[in-house]
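Q: The structure file coords-v2.pdb (PDB, C-alpha atoms) is provided below.
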```pdb
MODEL        1
ATOM      1  CA  MET A   1     116.875  96.863  72.621  1.00  0.00           C
ATOM      2  CA  ASN A   2     118.719  99.218  74.988  1.00  0.00           C
ATOM      3  CA  LYS A   3     116.219 102.005  74.256  1.00  0.00           C
ATOM      4  CA  LEU A   4     113.352  99.676  75.082  1.00  0.00           C
ATOM      5  CA  LEU A   5     114.953  98.670  78.370  1.00  0.00           C
ATOM      6  CA  ALA A   6     115.697 102.292  79.259  1.00  0.00           C
ATOM      7  CA  SER A   7     112.099 103.287  78.485  1.00  0.00           C
ATOM      8  CA  LEU A   8     110.752 100.474  80.626  1.00  0.00           C
ATOM      9  CA  LEU A   9     112.977 101.396  83.570  1.00  0.00           C
ATOM     10  CA  LEU A  10     112.005 105.052  83.264  1.00  0.00           C
ATOM     11  CA  ALA A  11     108.305 104.148  83.241  1.00  0.00           C
ATOM     12  CA  LEU A  12     108.707 101.958  86.322  1.00  0.00           C
ATOM     13  CA  ALA A  13     110.593 104.682  88.169  1.00  0.00           C
ATOM     14  CA  ALA A  14     107.897 107.242  87.334  1.00  0.00           C
ATOM     15  CA  THR A  15     105.159 104.897  88.576  1.00  0.00           C
ATOM     16  CA  SER A  16     106.999 104.281  91.842  1.00  0.00           C
ATOM     17  CA  ALA A  17     107.501 108.004  92.387  1.00  0.00           C
ATOM     18  CA  MET A  18     103.771 108.649  92.051  1.00  0.00           C
ATOM     19  CA  ALA A  19     102.723 105.933  94.486  1.00  0.00           C
ATOM     20  CA  GLY A  20     101.715 106.870  97.989  1.00  0.00           C
ATOM     21  CA  PRO A  21     102.826 105.308 101.260  1.00  0.00           C
ATOM     22  CA  THR A  22     102.135 101.718 102.262  1.00  0.00           C
ATOM     23  CA  CYS A  23     100.230 100.874 105.426  1.00  0.00           C
ATOM     24  CA  ASN A  24     100.664  97.256 106.460  1.00  0.00           C
ATOM     25  CA  ALA A  25      98.215  97.265 109.335  1.00  0.00           C
ATOM     26  CA  PRO A  26      95.597  94.535 109.796  1.00  0.00           C
ATOM     27  CA  GLU A  27      92.210  95.842 108.690  1.00  0.00           C
ATOM     28  CA  ASP A  28      90.490  94.716 111.903  1.00  0.00           C
ATOM     29  CA  LYS A  29      92.591  97.338 113.737  1.00  0.00           C
ATOM     30  CA  TRP A  30      91.613 100.232 111.432  1.00  0.00           C
ATOM     31  CA  MET A  31      89.650 103.199 112.698  1.00  0.00           C
ATOM     32  CA  LYS A  32      86.058 103.083 111.475  1.00  0.00           C
ATOM     33  CA  GLU A  33      85.574 105.153 108.344  1.00  0.00           C
ATOM     34  CA  ALA A  34      82.896 107.346 109.950  1.00  0.00           C
ATOM     35  CA  ASP A  35      85.092 108.032 112.990  1.00  0.00           C
ATOM     36  CA  PHE A  36      88.067 108.849 110.780  1.00  0.00           C
ATOM     37  CA  LYS A  37      86.042 111.266 108.635  1.00  0.00           C
ATOM     38  CA  ALA A  38      84.608 112.971 111.740  1.00  0.00           C
ATOM     39  CA  ARG A  39      88.102 113.426 113.196  1.00  0.00           C
ATOM     40  CA  ILE A  40      89.523 114.884 109.978  1.00  0.00           C
ATOM     41  CA  GLU A  41      86.548 117.184 109.436  1.00  0.00           C
ATOM     42  CA  SER A  42      86.848 118.428 113.034  1.00  0.00           C
ATOM     43  CA  GLN A  43      90.361 119.578 112.073  1.00  0.00           C
ATOM     44  CA  GLY A  44      88.874 121.830 109.387  1.00  0.00           C
ATOM     45  CA  TYR A  45      89.209 119.605 106.319  1.00  0.00           C
ATOM     46  CA  GLN A  46      86.466 119.284 103.736  1.00  0.00           C
ATOM     47  CA  ILE A  47      86.511 115.768 102.310  1.00  0.00           C
ATOM     48  CA  LYS A  48      85.390 115.568  98.693  1.00  0.00           C
ATOM     49  CA  THR A  49      86.639 112.011  98.105  1.00  0.00           C
ATOM     50  CA  PHE A  50      87.619 109.366 100.611  1.00  0.00           C
ATOM     51  CA  LYS A  51      89.186 106.055  99.642  1.00  0.00           C
ATOM     52  CA  VAL A  52      91.556 103.324 100.689  1.00  0.00           C
ATOM     53  CA  SER A  53      94.719 103.705  98.619  1.00  0.00           C
ATOM     54  CA  LYS A  54      96.515 100.919  96.773  1.00  0.00           C
ATOM     55  CA  GLY A  55      98.969 100.911  99.681  1.00  0.00           C
ATOM     56  CA  LYS A  56      96.087 100.254 102.107  1.00  0.00           C
ATOM     57  CA  CYS A  57      96.131 103.712 103.705  1.00  0.00           C
ATOM     58  CA  TYR A  58      93.214 106.088 104.127  1.00  0.00           C
ATOM     59  CA  GLU A  59      93.366 108.795 101.465  1.00  0.00           C
ATOM     60  CA  ILE A  60      91.365 111.978 101.100  1.00  0.00           C
ATOM     61  CA  TYR A  61      90.977 114.529  98.357  1.00  0.00           C
ATOM     62  CA  GLY A  62      89.483 117.825  99.411  1.00  0.00           C
ATOM     63  CA  PHE A  63      90.342 121.144 101.003  1.00  0.00           C
ATOM     64  CA  ASP A  64      92.182 122.221 104.135  1.00  0.00           C
ATOM     65  CA  LYS A  65      90.909 124.853 106.584  1.00  0.00           C
ATOM     66  CA  ASP A  66      92.373 127.590 104.346  1.00  0.00           C
ATOM     67  CA  GLY A  67      90.480 126.314 101.303  1.00  0.00           C
ATOM     68  CA  LYS A  68      93.577 124.902  99.575  1.00  0.00           C
ATOM     69  CA  LYS A  69      93.246 121.650  97.627  1.00  0.00           C
ATOM     70  CA  VAL A  70      94.868 118.666  99.308  1.00  0.00           C
ATOM     71  CA  GLU A  71      95.523 115.000  98.721  1.00  0.00           C
ATOM     72  CA  ILE A  72      96.573 113.370 101.982  1.00  0.00           C
ATOM     73  CA  TYR A  73      97.385 109.803 103.013  1.00  0.00           C
ATOM     74  CA  PHE A  74      96.697 108.762 106.609  1.00  0.00           C
ATOM     75  CA  ASP A  75      97.533 105.807 108.810  1.00  0.00           C
ATOM     76  CA  PRO A  76      94.213 103.898 109.050  1.00  0.00           C
ATOM     77  CA  ILE A  77      94.749 103.036 112.721  1.00  0.00           C
ATOM     78  CA  THR A  78      95.908 106.346 114.233  1.00  0.00           C
ATOM     79  CA  ALA A  79      94.783 108.850 111.554  1.00  0.00           C
ATOM     80  CA  ALA A  80      98.304 110.246 111.570  1.00  0.00           C
ATOM     81  CA  GLU A  81      99.171 112.121 108.396  1.00  0.00           C
ATOM     82  CA  LEU A  82     101.699 110.146 106.340  1.00  0.00           C
ATOM     83  CA  GLU A  83     102.045 112.103 103.118  1.00  0.00           C
ATOM     84  CA  ARG A  84     100.549 115.245 101.633  1.00  0.00           C
ATOM     85  CA  LYS A  85     100.381 116.223  97.977  1.00  0.00           C
ATOM     86  CA  SER A  86      99.224 119.658  96.940  1.00  0.00           C
TER      87      SER A  86
ENDMDL
END
```
Is it possible to give me this structure as structure tokens?

A:
Amino acid sequence: MNKLLASLLLALAATSAMAGPTCNAPEDKWMKEADFKARIESQGYQIKTFKVSKGKCYEIYGFDKDGKKVEIYFDPITAAELERKS
């Protein structure tokens, strides 16, 4: 039983560590998707995939201006970068 509990706790901790940030902003205040993409692309990013994360933040997968792969979470209201994974 203790091994089962330890395994469950380890799995939950690993899932939490992989989760991105949480954005608790009302959706009616969010920047329009097209405006957000235009702003990010004007900064030199190439967006391959755009989505709203489970935490309700804007998330992109793509490349930065140097051609390096990026996964970045953004505040959907201000487009401020919240977290970057390489």

Q: Would you compute the distance between atom CA of A:Lys29 and atom CA of A:Lys65? Give it in Å to one decimal.

A: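 Value for the atom CA of A:Lys29-atom CA of A:Lys65 distance: 28.5 Å.
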
Q: Between A:Glu81, A:Asp64, A:Glu27, A:Glu59, single out the one closest to A:Gln43, counting all atoms listed in the file.

A: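 Residue with the minimum atom-to-atom distance to A:Gln43: A:Asp64.
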
Q: Quick check, in Å to one decimal: how far apart do atom CA of A:Asp28 and atom CA of A:Arg84 lie?

A: 25.1 Å

Q: Between A:Gly62, A:Tyr45, A:Ser86, A:Lys56, which has the minimum distance to A:Phe74 (counting only C-alpha atoms)?

A: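 Among A:Gly62, A:Tyr45, A:Ser86, A:Lys56, it is A:Lys56 that comes nearest to A:Phe74.
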
Q: Can you tell me how far atom CA of A:Glu83 sits from atom CA of A:Phe36, in Å to one decimal?

A: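 Those two atoms sit 16.3 Å apart.
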
Q: With only C-alpha atoms counted, which protein, DNA or RNA residues have an atom no more than 9 Å from (94.6, 103.2, 110.6) in the file frame? Please answer as a tab-separated table (two decimals) with C-alpha atoms, in the frame of the given file.

A:
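And here is the file that came out, point-v9.tsv:
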```
chain	number	residue	atom	x	y	z
A	23	CYS	CA	100.23	100.87	105.43
A	25	ALA	CA	98.22	97.26	109.34
A	26	PRO	CA	95.60	94.54	109.80
A	27	GLU	CA	92.21	95.84	108.69
A	29	LYS	CA	92.59	97.34	113.74
A	30	TRP	CA	91.61	100.23	111.43
A	31	MET	CA	89.65	103.20	112.70
A	32	LYS	CA	86.06	103.08	111.48
A	36	PHE	CA	88.07	108.85	110.78
A	57	CYS	CA	96.13	103.71	103.70
A	58	TYR	CA	93.21	106.09	104.13
A	74	PHE	CA	96.70	108.76	106.61
A	75	ASP	CA	97.53	105.81	108.81
A	76	PRO	CA	94.21	103.90	109.05
A	77	ILE	CA	94.75	103.04	112.72
A	78	THR	CA	95.91	106.35	114.23
A	79	ALA	CA	94.78	108.85	111.55
A	80	ALA	CA	98.30	110.25	111.57
```

Q: Hey, which of A:Ile47, A:Ala38, A:Val52, A:Ala19 ends up closest to A:Val70? Count only C-alpha atoms.

A: A:Ile47

Q: Which residues are close to A:Ile60, i.e. within 8 Å by all atoms listed in the file, leaving aside same-chain residues fewer than 5 positions away? Reply as a PDB file with C-alpha atoms, keeping the file's coordinate frame.

A:
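Resulting contents of result_10.pdb:
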```pdb
ATOM      1  CA  ILE A  47      86.511 115.768 102.310  1.00  0.00           C
ATOM      2  CA  LYS A  48      85.390 115.568  98.693  1.00  0.00           C
ATOM      3  CA  THR A  49      86.639 112.011  98.105  1.00  0.00           C
ATOM      4  CA  PHE A  50      87.619 109.366 100.611  1.00  0.00           C
ATOM      5  CA  LYS A  51      89.186 106.055  99.642  1.00  0.00           C
ATOM      6  CA  VAL A  70      94.868 118.666  99.308  1.00  0.00           C
ATOM      7  CA  GLU A  71      95.523 115.000  98.721  1.00  0.00           C
ATOM      8  CA  ILE A  72      96.573 113.370 101.982  1.00  0.00           C
ATOM      9  CA  TYR A  73      97.385 109.803 103.013  1.00  0.00           C
TER      10      TYR A  73
END
```

Q: Nearest to A:Glu41: which of A:Lys69, A:Thr22, A:Leu82, A:Phe63 is it, counting only C-alpha atoms?

A: A:Phe63
